[in-house]
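Engineer: You'll find entry_14.cif just under this line, and it carries mmCIF, C-alpha atoms and all ligand atoms.
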```
data_coords
loop_
_atom_site.label_atom_id
_atom_site.label_comp_id
_atom_site.auth_asym_id
_atom_site.auth_seq_id
_atom_site.Cartn_x
_atom_site.Cartn_y
_atom_site.Cartn_z
CA GLY E 5 -48.85 -100.95 114.19
CA PRO E 6 -48.96 -97.46 115.69
CA SER E 7 -52.33 -96.06 116.80
CA ARG E 8 -54.14 -93.32 114.93
CA GLU E 9 -52.89 -90.74 117.46
CA GLU E 10 -49.32 -91.99 117.09
CA VAL E 11 -49.56 -91.82 113.31
CA ILE E 12 -50.76 -88.20 113.57
CA ALA E 13 -47.89 -87.32 115.94
CA MET E 14 -45.27 -89.06 113.77
CA ARG E 15 -46.56 -87.34 110.65
CA LYS E 16 -46.38 -83.97 112.43
CA GLN E 17 -42.77 -84.58 113.35
CA TYR E 18 -41.36 -86.44 110.35
CA VAL E 19 -43.54 -85.88 107.27
CA SER E 20 -43.43 -82.64 105.29
CA PRO E 21 -46.26 -80.20 106.06
CA GLY E 22 -46.83 -80.22 102.32
CA VAL E 23 -48.47 -83.62 102.73
CA ILE E 24 -52.01 -82.55 103.52
CA THR E 25 -54.97 -84.49 104.91
CA TYR E 26 -58.69 -84.11 104.35
CA TYR E 27 -61.16 -83.58 107.23
CA LYS E 28 -61.02 -81.87 110.64
CA GLU E 29 -60.28 -85.26 112.16
CA PRO E 30 -58.06 -86.93 109.54
CA LEU E 31 -59.34 -90.32 108.47
CA MET E 32 -57.07 -93.31 108.91
CA VAL E 33 -57.69 -96.03 106.32
CA VAL E 34 -56.47 -99.54 107.09
CA GLU E 35 -58.30 -101.78 104.64
CA GLY E 36 -60.05 -101.66 101.28
CA LYS E 37 -62.30 -104.01 99.36
CA MET E 38 -63.92 -103.05 96.06
CA GLN E 39 -65.86 -99.77 96.58
CA TYR E 40 -65.38 -99.71 100.37
CA VAL E 41 -62.60 -98.83 102.83
CA TRP E 42 -62.41 -99.35 106.60
CA ASP E 43 -60.87 -97.21 109.34
CA GLU E 44 -58.91 -98.56 112.33
CA LYS E 45 -62.10 -98.91 114.38
CA GLY E 46 -63.71 -101.10 111.74
CA LYS E 47 -66.09 -98.43 110.44
CA ARG E 48 -66.89 -98.91 106.76
CA TYR E 49 -66.98 -96.08 104.23
CA LEU E 50 -68.25 -95.97 100.67
CA ASP E 51 -65.17 -94.63 98.90
CA ALA E 52 -66.67 -92.26 96.36
CA PHE E 53 -63.32 -90.55 95.75
CA ALA E 54 -61.34 -93.74 95.05
CA GLY E 55 -58.00 -92.49 96.40
CA ILE E 56 -58.32 -89.46 94.11
CA VAL E 57 -59.92 -91.19 91.13
CA THR E 58 -57.37 -93.99 91.09
CA VAL E 59 -58.98 -97.20 92.30
CA SER E 60 -60.86 -97.75 89.06
CA VAL E 61 -62.12 -101.35 89.33
CA GLY E 62 -62.20 -101.72 93.13
CA HIS E 63 -59.84 -101.87 96.10
CA CYS E 64 -57.79 -105.07 96.08
CA HIS E 65 -59.84 -106.43 93.17
CA PRO E 66 -59.26 -110.23 93.41
CA LYS E 67 -58.38 -110.72 89.72
CA VAL E 68 -55.89 -107.83 89.82
CA MET E 69 -54.34 -108.92 93.11
CA GLU E 70 -53.91 -112.50 91.97
CA LYS E 71 -51.82 -111.42 88.96
CA VAL E 72 -49.86 -108.79 90.93
CA ASN E 73 -49.06 -111.19 93.77
CA GLU E 74 -47.91 -113.79 91.28
CA GLN E 75 -45.63 -111.27 89.54
CA ASN E 76 -44.31 -109.96 92.87
CA GLY E 77 -43.33 -113.48 93.84
CA LYS E 78 -41.59 -114.11 90.55
CA LEU E 79 -39.80 -110.91 89.56
CA GLN E 80 -40.50 -107.77 91.51
CA HIS E 81 -38.18 -105.39 89.70
CA THR E 82 -36.00 -105.09 86.71
CA THR E 83 -35.59 -102.14 84.42
CA THR E 84 -36.48 -101.70 80.78
CA ILE E 85 -32.82 -102.23 79.78
CA TYR E 86 -33.75 -105.93 79.86
CA LEU E 87 -36.62 -107.55 78.03
CA HIS E 88 -39.51 -108.77 80.12
CA PRO E 89 -42.92 -109.92 78.92
CA ALA E 90 -45.15 -107.62 81.01
CA ILE E 91 -44.28 -104.33 79.27
CA ALA E 92 -44.89 -105.84 75.82
CA ARG E 93 -48.24 -107.32 76.80
CA PHE E 94 -49.43 -104.14 78.51
CA ALA E 95 -48.33 -101.86 75.65
CA GLU E 96 -50.15 -104.13 73.18
CA LYS E 97 -53.34 -104.16 75.26
CA LEU E 98 -53.22 -100.38 75.67
CA ALA E 99 -52.77 -99.86 71.92
CA SER E 100 -55.88 -102.00 71.31
CA LYS E 101 -57.89 -99.50 73.38
CA MET E 102 -56.48 -96.40 71.66
CA PRO E 103 -57.95 -94.38 68.81
CA ASP E 104 -56.49 -95.39 65.41
CA GLY E 105 -52.90 -94.34 64.96
CA LEU E 106 -51.94 -94.05 68.62
CA THR E 107 -49.76 -97.10 69.04
CA ARG E 108 -46.54 -96.25 70.85
CA SER E 109 -46.33 -95.88 74.62
CA TYR E 110 -43.76 -94.53 77.05
CA PHE E 111 -44.34 -95.63 80.64
CA THR E 112 -43.77 -93.61 83.79
CA ASN E 113 -44.76 -93.79 87.47
CA SER E 114 -47.21 -90.91 87.54
CA GLY E 115 -49.38 -88.52 85.59
CA SER E 116 -46.92 -85.68 86.11
CA GLU E 117 -44.12 -87.60 84.43
CA ALA E 118 -46.42 -88.69 81.61
CA ASN E 119 -47.20 -85.04 80.93
CA GLU E 120 -43.49 -84.16 81.01
CA ILE E 121 -42.84 -86.74 78.28
CA ALA E 122 -45.82 -85.51 76.27
CA ILE E 123 -44.65 -81.89 76.30
CA LEU E 124 -41.05 -82.89 75.59
CA SER E 125 -42.21 -84.98 72.63
CA ALA E 126 -44.43 -82.20 71.30
CA ARG E 127 -41.62 -79.65 71.49
CA GLU E 128 -39.10 -81.97 69.84
CA HIS E 129 -41.55 -83.10 67.16
CA THR E 130 -42.71 -79.64 66.12
CA GLY E 131 -39.55 -77.67 66.81
CA ASN E 132 -41.73 -75.15 68.64
CA THR E 133 -41.63 -74.35 72.35
CA GLU E 134 -44.93 -72.68 73.19
CA VAL E 135 -47.61 -74.72 74.94
CA ILE E 136 -51.28 -73.90 75.38
CA ALA E 137 -53.03 -75.24 78.47
CA LEU E 138 -56.36 -74.57 80.10
CA ARG E 139 -57.20 -72.21 82.90
CA ASN E 140 -58.16 -74.13 86.00
CA GLY E 141 -56.45 -77.26 84.68
CA TYR E 142 -54.35 -79.67 86.70
CA HIS E 143 -51.47 -81.63 85.18
CA GLY E 144 -49.14 -82.44 88.07
CA GLY E 145 -46.35 -81.43 90.38
CA THR E 146 -43.13 -81.81 88.34
CA ALA E 147 -41.55 -78.75 86.75
CA THR E 148 -43.30 -78.58 83.39
CA ALA E 149 -46.50 -80.18 84.65
CA MET E 150 -46.62 -77.61 87.46
CA GLY E 151 -46.27 -74.90 84.85
CA LEU E 152 -49.22 -76.29 82.92
CA THR E 153 -51.29 -76.39 86.08
CA ALA E 154 -53.39 -73.29 86.47
CA HIS E 155 -55.37 -73.94 89.58
CA GLY E 156 -56.11 -71.57 92.42
CA THR E 157 -54.85 -73.88 95.14
CA TRP E 158 -51.41 -74.14 93.52
CA LYS E 159 -49.49 -71.41 95.29
CA PHE E 160 -45.91 -71.76 94.08
CA LYS E 161 -44.36 -68.88 92.19
CA GLN E 162 -42.34 -71.37 90.16
CA ASN E 163 -45.45 -72.55 88.39
CA ASN E 164 -45.16 -69.54 86.13
CA ALA E 165 -43.37 -71.63 83.49
CA PRO E 166 -41.88 -69.93 80.44
CA GLY E 167 -43.52 -70.90 77.18
CA VAL E 168 -46.82 -71.94 78.74
CA HIS E 169 -50.00 -69.97 78.04
CA HIS E 170 -53.46 -70.53 79.45
CA THR E 171 -56.72 -70.19 77.63
CA HIS E 172 -60.40 -70.33 78.69
CA ALA E 173 -61.57 -73.79 79.71
CA GLY E 174 -65.16 -73.97 78.49
CA TYR E 175 -66.56 -73.48 81.96
CA CYS E 176 -70.06 -72.38 81.01
CA TYR E 177 -71.41 -72.01 84.54
CA ARG E 178 -68.87 -69.24 85.09
CA CYS E 179 -68.50 -67.99 81.53
CA PRO E 180 -65.77 -65.32 81.50
CA TYR E 181 -67.75 -63.42 78.88
CA GLY E 182 -71.11 -63.74 80.62
CA LEU E 183 -72.53 -65.47 77.54
CA GLU E 184 -74.87 -68.44 77.13
CA TYR E 185 -74.33 -71.62 75.15
CA PRO E 186 -74.97 -72.04 72.22
CA SER E 187 -75.54 -68.40 71.27
CA CYS E 188 -72.01 -67.67 72.62
CA ASP E 189 -70.68 -69.39 69.47
CA LEU E 190 -67.96 -70.92 71.68
CA LYS E 191 -66.10 -67.66 72.17
CA CYS E 192 -64.05 -69.35 74.92
CA ALA E 193 -62.71 -71.96 72.46
CA ARG E 194 -61.99 -69.37 69.78
CA ASP E 195 -59.95 -67.45 72.38
CA VAL E 196 -57.06 -69.84 71.60
CA GLU E 197 -56.58 -67.94 68.37
CA GLU E 198 -56.04 -64.72 70.33
CA VAL E 199 -53.70 -66.38 72.84
CA ILE E 200 -51.57 -67.75 70.01
CA ARG E 201 -51.56 -64.47 68.10
CA TYR E 202 -50.64 -62.22 71.02
CA GLN E 203 -48.65 -64.42 73.37
CA THR E 204 -46.61 -66.65 71.04
CA PRO E 205 -44.58 -66.18 67.83
CA GLY E 206 -47.62 -67.66 66.07
CA GLU E 207 -46.42 -71.23 66.17
CA VAL E 208 -47.00 -73.63 69.03
CA ALA E 209 -45.74 -77.04 70.10
CA CYS E 210 -49.01 -78.30 71.50
CA PHE E 211 -52.25 -77.90 73.30
CA ILE E 212 -52.84 -79.98 76.41
CA GLY E 213 -56.19 -80.21 78.15
CA GLU E 214 -58.28 -82.51 80.28
CA PRO E 215 -61.44 -83.38 78.29
CA ILE E 216 -63.27 -83.03 81.62
CA GLN E 217 -61.32 -81.14 84.25
CA GLY E 218 -60.89 -83.18 87.41
CA VAL E 219 -59.27 -81.09 90.12
CA GLY E 220 -60.78 -78.07 88.36
CA GLY E 221 -64.24 -79.22 89.43
CA THR E 222 -65.65 -81.51 86.73
CA VAL E 223 -65.62 -78.73 84.16
CA THR E 224 -67.37 -80.27 81.15
CA PRO E 225 -67.11 -78.03 78.08
CA PRO E 226 -69.76 -77.99 75.35
CA LYS E 227 -69.58 -80.58 72.59
CA GLU E 228 -67.83 -78.42 69.95
CA TYR E 229 -65.26 -76.94 72.32
CA PHE E 230 -62.32 -79.27 71.64
CA GLN E 231 -63.05 -79.50 67.91
CA ILE E 232 -62.56 -75.74 67.65
CA VAL E 233 -59.46 -75.66 69.88
CA TYR E 234 -57.79 -78.63 68.15
CA GLU E 235 -58.37 -77.10 64.71
CA ILE E 236 -56.79 -73.76 65.68
CA VAL E 237 -53.83 -75.39 67.44
CA ARG E 238 -53.11 -77.69 64.49
CA ARG E 239 -53.33 -74.77 62.09
CA SER E 240 -50.64 -73.12 64.28
CA GLY E 241 -48.30 -76.08 63.93
CA GLY E 242 -49.06 -77.76 67.23
CA ILE E 243 -50.17 -81.23 68.21
CA CYS E 244 -53.07 -81.92 70.58
CA ILE E 245 -52.71 -83.89 73.79
CA ALA E 246 -55.58 -85.18 75.88
CA ASP E 247 -54.80 -85.61 79.58
CA GLU E 248 -56.93 -88.68 80.35
CA VAL E 249 -55.41 -89.23 83.80
CA GLN E 250 -58.84 -88.90 85.43
CA GLY E 251 -61.36 -89.23 82.61
CA GLY E 252 -60.04 -92.33 80.83
CA PHE E 253 -60.60 -96.09 81.08
CA GLY E 254 -64.37 -96.02 80.74
CA ARG E 255 -65.10 -93.61 83.57
CA THR E 256 -67.31 -91.33 81.47
CA GLY E 257 -69.47 -94.35 80.59
CA LYS E 258 -70.37 -93.84 76.96
CA HIS E 259 -66.78 -93.98 75.74
CA TYR E 260 -63.51 -95.53 76.85
CA TRP E 261 -61.74 -92.15 76.64
CA ALA E 262 -63.17 -88.85 77.83
CA HIS E 263 -62.07 -87.03 74.65
CA GLN E 264 -64.30 -89.31 72.55
CA ASN E 265 -67.31 -87.56 74.04
CA TYR E 266 -66.19 -84.54 72.01
CA ASP E 267 -65.61 -86.27 68.66
CA VAL E 268 -61.95 -85.38 68.46
CA VAL E 269 -58.86 -87.53 67.99
CA PRO E 270 -55.79 -86.31 69.87
CA ASP E 271 -52.20 -86.87 68.71
CA GLY E 272 -51.22 -88.14 72.12
CA ILE E 273 -52.86 -89.27 75.34
CA THR E 274 -51.44 -89.08 78.85
CA MET E 275 -52.63 -91.48 81.51
CA ALA E 276 -52.11 -92.43 85.17
CA LYS E 277 -54.30 -92.99 88.23
CA GLY E 278 -57.10 -95.39 87.18
CA ILE E 279 -55.01 -97.12 84.53
CA GLY E 280 -53.31 -99.19 87.23
CA ASN E 281 -56.03 -99.39 89.91
CA GLY E 282 -53.49 -97.98 92.39
CA ALA E 283 -50.17 -99.04 90.87
CA PRO E 284 -47.69 -96.18 90.48
CA LEU E 285 -48.18 -96.18 86.74
CA GLY E 286 -48.47 -93.51 84.08
CA GLY E 287 -47.97 -93.35 80.37
CA PHE E 288 -47.93 -91.33 77.19
CA THR E 289 -49.23 -92.97 74.05
CA THR E 290 -48.75 -91.30 70.71
CA THR E 291 -48.37 -91.86 66.98
CA GLU E 292 -45.51 -93.71 65.34
CA ALA E 293 -44.25 -90.42 63.86
CA ILE E 294 -44.26 -88.44 67.11
CA SER E 295 -42.77 -91.32 69.09
CA GLN E 296 -39.72 -91.21 66.80
CA VAL E 297 -38.39 -88.07 68.53
CA MET E 298 -37.16 -90.36 71.33
CA THR E 299 -35.08 -92.50 68.96
CA ASN E 300 -31.42 -92.78 69.91
CA ARG E 301 -31.86 -90.35 72.76
CA ILE E 302 -31.71 -91.49 76.30
CA HIS E 303 -34.54 -90.44 78.57
CA PHE E 304 -34.48 -92.95 81.35
CA ASN E 305 -37.02 -93.84 84.00
CA THR E 306 -35.84 -96.48 86.48
CA PHE E 307 -39.28 -97.62 87.61
CA GLY E 308 -41.17 -96.79 84.41
CA GLY E 309 -42.38 -99.97 82.72
CA ASN E 310 -41.41 -102.23 85.63
CA PRO E 311 -42.90 -105.74 85.67
CA VAL E 312 -45.22 -105.24 88.65
CA SER E 313 -46.79 -101.98 87.42
CA MET E 314 -47.15 -103.39 83.90
CA THR E 315 -48.85 -106.50 85.27
CA GLN E 316 -51.19 -104.46 87.44
CA GLY E 317 -52.01 -102.20 84.48
CA LEU E 318 -52.74 -105.15 82.21
CA ALA E 319 -54.90 -106.87 84.84
CA THR E 320 -56.83 -103.62 85.40
CA LEU E 321 -57.56 -103.10 81.70
CA GLU E 322 -58.61 -106.76 81.43
CA VAL E 323 -61.00 -106.40 84.36
CA ILE E 324 -62.49 -103.23 82.82
CA ASP E 325 -63.34 -105.39 79.76
CA GLU E 326 -64.30 -108.61 81.55
CA ASP E 327 -66.42 -107.11 84.33
CA GLY E 328 -68.34 -104.71 82.07
CA ILE E 329 -66.94 -101.78 84.04
CA GLN E 330 -67.56 -99.12 81.40
CA GLN E 331 -71.20 -100.17 80.99
CA ASN E 332 -71.57 -100.04 84.77
CA ALA E 333 -70.10 -96.53 84.84
CA LEU E 334 -72.70 -95.53 82.25
CA GLU E 335 -75.68 -97.11 84.02
CA VAL E 336 -74.87 -96.46 87.67
CA GLY E 337 -73.38 -93.07 86.81
CA GLY E 338 -76.59 -92.16 84.96
CA ARG E 339 -78.66 -93.21 87.95
CA LEU E 340 -76.49 -91.19 90.32
CA MET E 341 -76.68 -88.17 88.02
CA GLU E 342 -80.50 -88.41 88.10
CA GLY E 343 -80.39 -88.60 91.87
CA LEU E 344 -78.18 -85.54 92.08
CA LEU E 345 -80.35 -83.59 89.63
CA ALA E 346 -83.38 -84.38 91.80
CA LEU E 347 -81.48 -82.93 94.77
CA GLN E 348 -80.79 -79.79 92.75
CA ASP E 349 -84.56 -79.22 92.49
CA LYS E 350 -84.81 -79.44 96.27
CA HIS E 351 -81.69 -77.71 97.56
CA PRO E 352 -80.87 -74.13 96.49
CA LEU E 353 -77.24 -74.69 97.55
CA ILE E 354 -76.72 -76.83 94.43
CA GLY E 355 -75.83 -74.47 91.61
CA GLU E 356 -74.95 -77.05 88.99
CA VAL E 357 -74.53 -80.80 88.57
CA ARG E 358 -71.95 -81.72 85.93
CA GLY E 359 -70.08 -84.61 84.42
CA MET E 360 -70.59 -87.95 82.73
CA GLY E 361 -70.67 -91.54 83.87
CA LEU E 362 -68.94 -91.87 87.22
CA MET E 363 -67.08 -88.58 86.91
CA LEU E 364 -69.53 -86.24 88.59
CA GLY E 365 -69.34 -82.81 90.17
CA VAL E 366 -71.81 -80.80 92.25
CA GLU E 367 -71.05 -77.09 92.40
CA LEU E 368 -72.36 -75.40 95.54
CA VAL E 369 -73.37 -71.73 95.59
CA ARG E 370 -74.77 -69.44 98.30
CA ASP E 371 -77.07 -67.76 95.83
CA ARG E 372 -78.23 -69.10 92.50
CA GLN E 373 -78.39 -65.62 90.98
CA SER E 374 -74.95 -64.32 91.99
CA ARG E 375 -73.43 -67.82 92.00
CA GLU E 376 -71.33 -66.89 95.03
CA PRO E 377 -69.15 -69.95 95.68
CA ALA E 378 -70.17 -71.91 98.79
CA ASN E 379 -66.70 -73.15 99.69
CA THR E 380 -67.03 -73.44 103.48
CA GLU E 381 -70.37 -75.20 102.92
CA ALA E 382 -68.67 -77.65 100.54
CA ALA E 383 -66.10 -78.46 103.23
CA GLU E 384 -68.92 -78.96 105.75
CA VAL E 385 -70.80 -81.25 103.33
CA MET E 386 -67.66 -83.37 102.98
CA GLU E 387 -67.39 -83.66 106.78
CA GLN E 388 -71.05 -84.60 107.16
CA MET E 389 -70.84 -87.14 104.34
CA LYS E 390 -67.93 -88.76 106.13
CA HIS E 391 -70.05 -89.07 109.29
CA ARG E 392 -72.63 -90.87 107.14
CA GLY E 393 -69.94 -93.23 105.86
CA VAL E 394 -69.34 -91.70 102.43
CA LEU E 395 -66.01 -90.28 101.22
CA ILE E 396 -66.20 -87.64 98.52
CA GLY E 397 -63.71 -85.08 97.24
CA LYS E 398 -63.87 -81.42 96.49
CA GLY E 399 -62.22 -79.09 94.04
CA GLY E 400 -62.98 -76.39 91.54
CA LEU E 401 -61.80 -72.85 91.09
CA TYR E 402 -63.15 -71.86 94.51
CA GLY E 403 -63.04 -75.24 96.23
CA ASN E 404 -66.83 -75.30 96.11
CA THR E 405 -67.44 -78.29 93.84
CA LEU E 406 -68.04 -81.71 95.35
CA ARG E 407 -66.28 -84.42 93.39
CA ILE E 408 -67.85 -87.86 93.14
CA LYS E 409 -65.62 -90.37 91.36
CA PRO E 410 -65.95 -93.78 93.00
CA PRO E 411 -64.46 -97.09 91.90
CA MET E 412 -66.42 -98.01 88.78
CA CYS E 413 -67.82 -101.15 90.41
CA LEU E 414 -70.26 -98.88 92.31
CA THR E 415 -73.72 -100.50 92.54
CA ALA E 416 -77.14 -98.93 92.08
CA ASP E 417 -77.72 -99.33 95.84
CA ASP E 418 -74.47 -97.46 96.58
CA ALA E 419 -75.55 -94.67 94.22
CA ASP E 420 -78.94 -94.39 95.95
CA TYR E 421 -77.29 -94.43 99.38
CA LEU E 422 -74.91 -91.65 98.33
CA ALA E 423 -77.71 -89.47 96.95
CA ALA E 424 -79.85 -90.06 100.07
CA ALA E 425 -76.92 -89.19 102.35
CA LEU E 426 -76.26 -85.97 100.41
CA ASP E 427 -79.97 -85.13 100.62
CA GLU E 428 -79.87 -85.44 104.44
CA VAL E 429 -76.66 -83.47 104.73
CA LEU E 430 -77.97 -80.61 102.60
CA GLU E 431 -81.26 -80.64 104.52
CA ASN E 432 -79.39 -80.34 107.86
CA LEU E 433 -77.21 -77.58 106.51
CA ARG E 434 -80.32 -75.63 105.51
CA ILE E 435 -81.90 -75.97 108.97
CA LYS E 436 -78.73 -74.73 110.68
N1 LIG Z 501 -53.27 -84.93 85.26
C1 LIG Z 501 -54.46 -84.92 85.89
C2 LIG Z 501 -55.69 -84.63 85.11
C3 LIG Z 501 -54.52 -85.17 87.28
O1 LIG Z 501 -55.69 -85.15 87.90
C4 LIG Z 501 -53.34 -85.44 87.98
C5 LIG Z 501 -53.34 -85.75 89.46
N2 LIG Z 501 -54.35 -85.17 90.19
C6 LIG Z 501 -52.13 -85.44 87.27
C7 LIG Z 501 -52.14 -85.20 85.92
C8 LIG Z 501 -50.83 -85.71 87.96
O2 LIG Z 501 -50.74 -87.04 88.28
P1 LIG Z 501 -49.75 -87.56 89.43
O3 LIG Z 501 -50.26 -87.03 90.72
O4 LIG Z 501 -49.85 -89.05 89.29
O5 LIG Z 501 -48.38 -87.06 89.08
#
```
What is this structure when it is put down as structure tokens?

Structural biologist:
Amino acid sequence: GPSREEVIAMRKQYVSPGVITYYKEPLMVVEGKMQYVWDEKGKRYLDAFAGIVTVSVGHCHPKVMEKVNEQNGKLQHTTTIYLHPAIARFAEKLASKMPDGLTRSYFTNSGSEANEIAILSAREHTGNTEVIALRNGYHGGTATAMGLTAHGTWKFKQNNAPGVHHTHAGYCYRCPYGLEYPSCDLKCARDVEEVIRYQTPGEVACFIGEPIQGVGGTVTPPKEYFQIVYEIVRRSGGICIADEVQGGFGRTGKHYWAHQNYDVVPDGITMAKGIGNGAPLGGFTTTEAISQVMTNRIHFNTFGGNPVSMTQGLATLEVIDEDGIQQNALEVGGRLMEGLLALQDKHPLIGEVRGMGLMLGVELVRDRQSREPANTEAAEVMEQMKHRGVLIGKGGLYGNTLRIKPPMCLTADDADYLAAALDEVLENLRIK
């Protein structure tokens, strides 16, 4: 194939400048196995960003690949206008993992499309149009999903979608009211009441929120946050949708779904990324009643529910069960969290360590008092981690939060290596 330099030149000429790369010297990845990837020179990296939180059980996991290769050899594509076994088996398996009452799934190719279907369903089901989303949230790049997205890096004027309103996200480290939990009495959650009263006719179609914000920088609201928001939204006629694109499938360790950490039951769940371990696969699962809005109406998705994606999704969910992936996320994630908290004691640059299981965030600040975002430092940490053979992501309101979300097969040794590498990098940064 073409060399790294040729790939860079070809991308410059033929690929849209909207397709961005990480790092000063973009990394070329040619191979992946479980939690590791290799570049063209054969250098190995611990992939602690998992292709943006997508490779959930490991790159080219043998059990997943065996089933996918078999399906590819047998029937690579047909559409849902014909019956095929894979969609039925996957939908059944998914329903077995859902909270009670969420049984019916609509399959797409991405998280954006899953969110489109969720909002469409909510609007049709309730007869209302207004949608409440979270500040700093990320829900995708299609029209409605872009409108829901309220993230600083999203610089399109079109994302000002009519009928979408944003409320406070439960981001305690940067509380918009300057209050402290729990004496704040969750003022940020109660703000939904004000948003509904002043920005809508008083009735809403739905609330959509990530239980733990991913792109937004591992924003992990207090326990009662979603209980309060869900109650207010339901009282205003809306349904509640949990975007589990990043937080689902055992990643938070203690529970299969991120929303379960908050003791709430949503009316619908949107999924993508880790659900297929890299397959272009998304979905919206909801109640029998809400799913009925699609009856006798054609909303077609050519690739949605195709045999290969369905097979890869099923194999992934089976591996999560069979390989004890959720338990591993809990144990290894807990160990990594401890390691990161120990670094916080040592390095003033670490303002806060957040998250659960293997969905972790480290927010960097120049000064712990003023909490001035250390965004250039975060970029430098990412570069230095890469030199030490560790890939991490970054995000957050100011691009100053390191994101650590590896394949959930991460070992204790990997976790220790990652923490030790970050320790060295932060130490070097301090000396400079
Ligand atoms: N929801 C969340 C929480 C996401 O993180 C993303 C992708 N970053 C999406 C939705 C959109 O998914 P996709 O890129 O597959 O359309």

Engineer: List the spatial neighbours of E:Leu406 as a compact mmCIF listing (two decimals) with C-alpha atoms, keeping the file's coordinate frame - criterion: any atom at most 7 Å away, all atoms listed in the file, same-chain residues fewer than 4 positions off excluded.

Structural biologist:
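Okay, result.txt is ready:
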```
# COMPACT_ATOMS: atom_id res chain seq x y z
CA GLY E 365 -69.34 -82.81 90.17
CA VAL E 366 -71.81 -80.80 92.25
CA GLU E 367 -71.05 -77.09 92.40
CA ALA E 382 -68.67 -77.65 100.54
CA ILE E 396 -66.20 -87.64 98.52
CA GLY E 397 -63.71 -85.08 97.24
CA LYS E 398 -63.87 -81.42 96.49
CA GLY E 399 -62.22 -79.09 94.04
```

Engineer: Pick from E:His155, E:Arg434, E:Lys227, E:Lys16: nearest to ligand LIG 501 (chain Z), with only C-alpha atoms and all ligand atoms counted?

Structural biologist: E:His155

Engineer: My list of candidates is E:Thr107, E:Val72, E:Val11, E:Ser125. Which is closest to E:Thr299 when distances are computed with all atoms listed in the file?

Structural biologist: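 Closest candidate: E:Ser125.
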
Engineer: Could you report the residues within 6 Å of ligand LIG 501 (chain Z), using only C-alpha atoms and all ligand atoms, as a ChimeraX atom specification?

Structural biologist: /E:114-116,142-144,214,218-219,247,249-250,276

Engineer: I want to know what sits within 7 Å of stretch 323-335 of chain E, based on all atoms listed in the file, with residues of the same chain fewer than 4 positions away left out; could you give that as a compact mmCIF listing (two decimals) with C-alpha atoms, in the coordinates of the input?

Structural biologist:
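Final file, selection11.txt:
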```
# COMPACT_ATOMS: atom_id res chain seq x y z
CA VAL E 61 -62.12 -101.35 89.33
CA GLY E 254 -64.37 -96.02 80.74
CA ARG E 255 -65.10 -93.61 83.57
CA THR E 256 -67.31 -91.33 81.47
CA GLY E 257 -69.47 -94.35 80.59
CA LYS E 258 -70.37 -93.84 76.96
CA ALA E 319 -54.90 -106.87 84.84
CA ARG E 339 -78.66 -93.21 87.95
CA GLY E 361 -70.67 -91.54 83.87
CA LEU E 362 -68.94 -91.87 87.22
CA MET E 412 -66.42 -98.01 88.78
CA CYS E 413 -67.82 -101.15 90.41
```

Engineer: Give me, please, the distance in Å between atom CA of E:Ala262 and atom CA of E:Ile212, quoted to one decimal.

Structural biologist: 13.7 Å

Engineer: Atom CA of E:Asp43 and atom CA of E:Arg8 are how many Å apart?

Structural biologist: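 Separation of atom CA of E:Asp43 and atom CA of E:Arg8: 9.6 Å.
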
Engineer: Given only C-alpha atoms, how would the per-residue table for stretch 232-254 of chain E near stretch 193-204 of chain E read, listing every residue at most 7 Å away with its closest atom pair and distance in Å to one decimal, sorted by chain and number, as a tab-separated table?

Structural biologist:
```
residue	atom	partner	partner_atom	distance
E:Ile232	CA	E:Ala193	CA	6.1
E:Val233	CA	E:Ala193	CA	5.6
E:Ile236	CA	E:Glu197	CA	6.4
```

Engineer: Can you spit out stretch 80-87 of chain E with N, CA and C atoms, as a PDB file, in the first residue's frame, from the structure just given?

Structural biologist:
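Writing the result to out25.pdb gives the following:
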```
ATOM      1  N   GLN E  80     -23.471 -11.163   2.683  1.00  0.00           N
ATOM      2  CA  GLN E  80     -22.845  -9.927   3.147  1.00  0.00           C
ATOM      3  C   GLN E  80     -23.869  -8.813   3.282  1.00  0.00           C
ATOM      4  N   HIS E  81     -24.817  -8.752   2.359  1.00  0.00           N
ATOM      5  CA  HIS E  81     -25.837  -7.714   2.482  1.00  0.00           C
ATOM      6  C   HIS E  81     -27.194  -8.150   1.946  1.00  0.00           C
ATOM      7  N   THR E  82     -28.192  -7.849   2.708  1.00  0.00           N
ATOM      8  CA  THR E  82     -29.540  -7.747   2.185  1.00  0.00           C
ATOM      9  C   THR E  82     -30.208  -6.701   3.051  1.00  0.00           C
ATOM     10  N   THR E  83     -31.371  -6.245   2.654  1.00  0.00           N
ATOM     11  CA  THR E  83     -32.001  -5.221   3.481  1.00  0.00           C
ATOM     12  C   THR E  83     -33.102  -5.855   4.317  1.00  0.00           C
ATOM     13  N   THR E  84     -33.642  -5.034   5.200  1.00  0.00           N
ATOM     14  CA  THR E  84     -34.663  -5.514   6.129  1.00  0.00           C
ATOM     15  C   THR E  84     -36.014  -5.779   5.449  1.00  0.00           C
ATOM     16  N   ILE E  85     -36.105  -5.518   4.128  1.00  0.00           N
ATOM     17  CA  ILE E  85     -37.360  -5.881   3.444  1.00  0.00           C
ATOM     18  C   ILE E  85     -37.477  -7.397   3.287  1.00  0.00           C
ATOM     19  N   TYR E  86     -36.370  -8.113   3.528  1.00  0.00           N
ATOM     20  CA  TYR E  86     -36.429  -9.580   3.569  1.00  0.00           C
ATOM     21  C   TYR E  86     -36.117 -10.034   4.985  1.00  0.00           C
ATOM     22  N   LEU E  87     -36.636 -11.188   5.328  1.00  0.00           N
ATOM     23  CA  LEU E  87     -36.308 -11.744   6.645  1.00  0.00           C
ATOM     24  C   LEU E  87     -34.891 -12.297   6.600  1.00  0.00           C
TER      25      LEU E  87
END
```
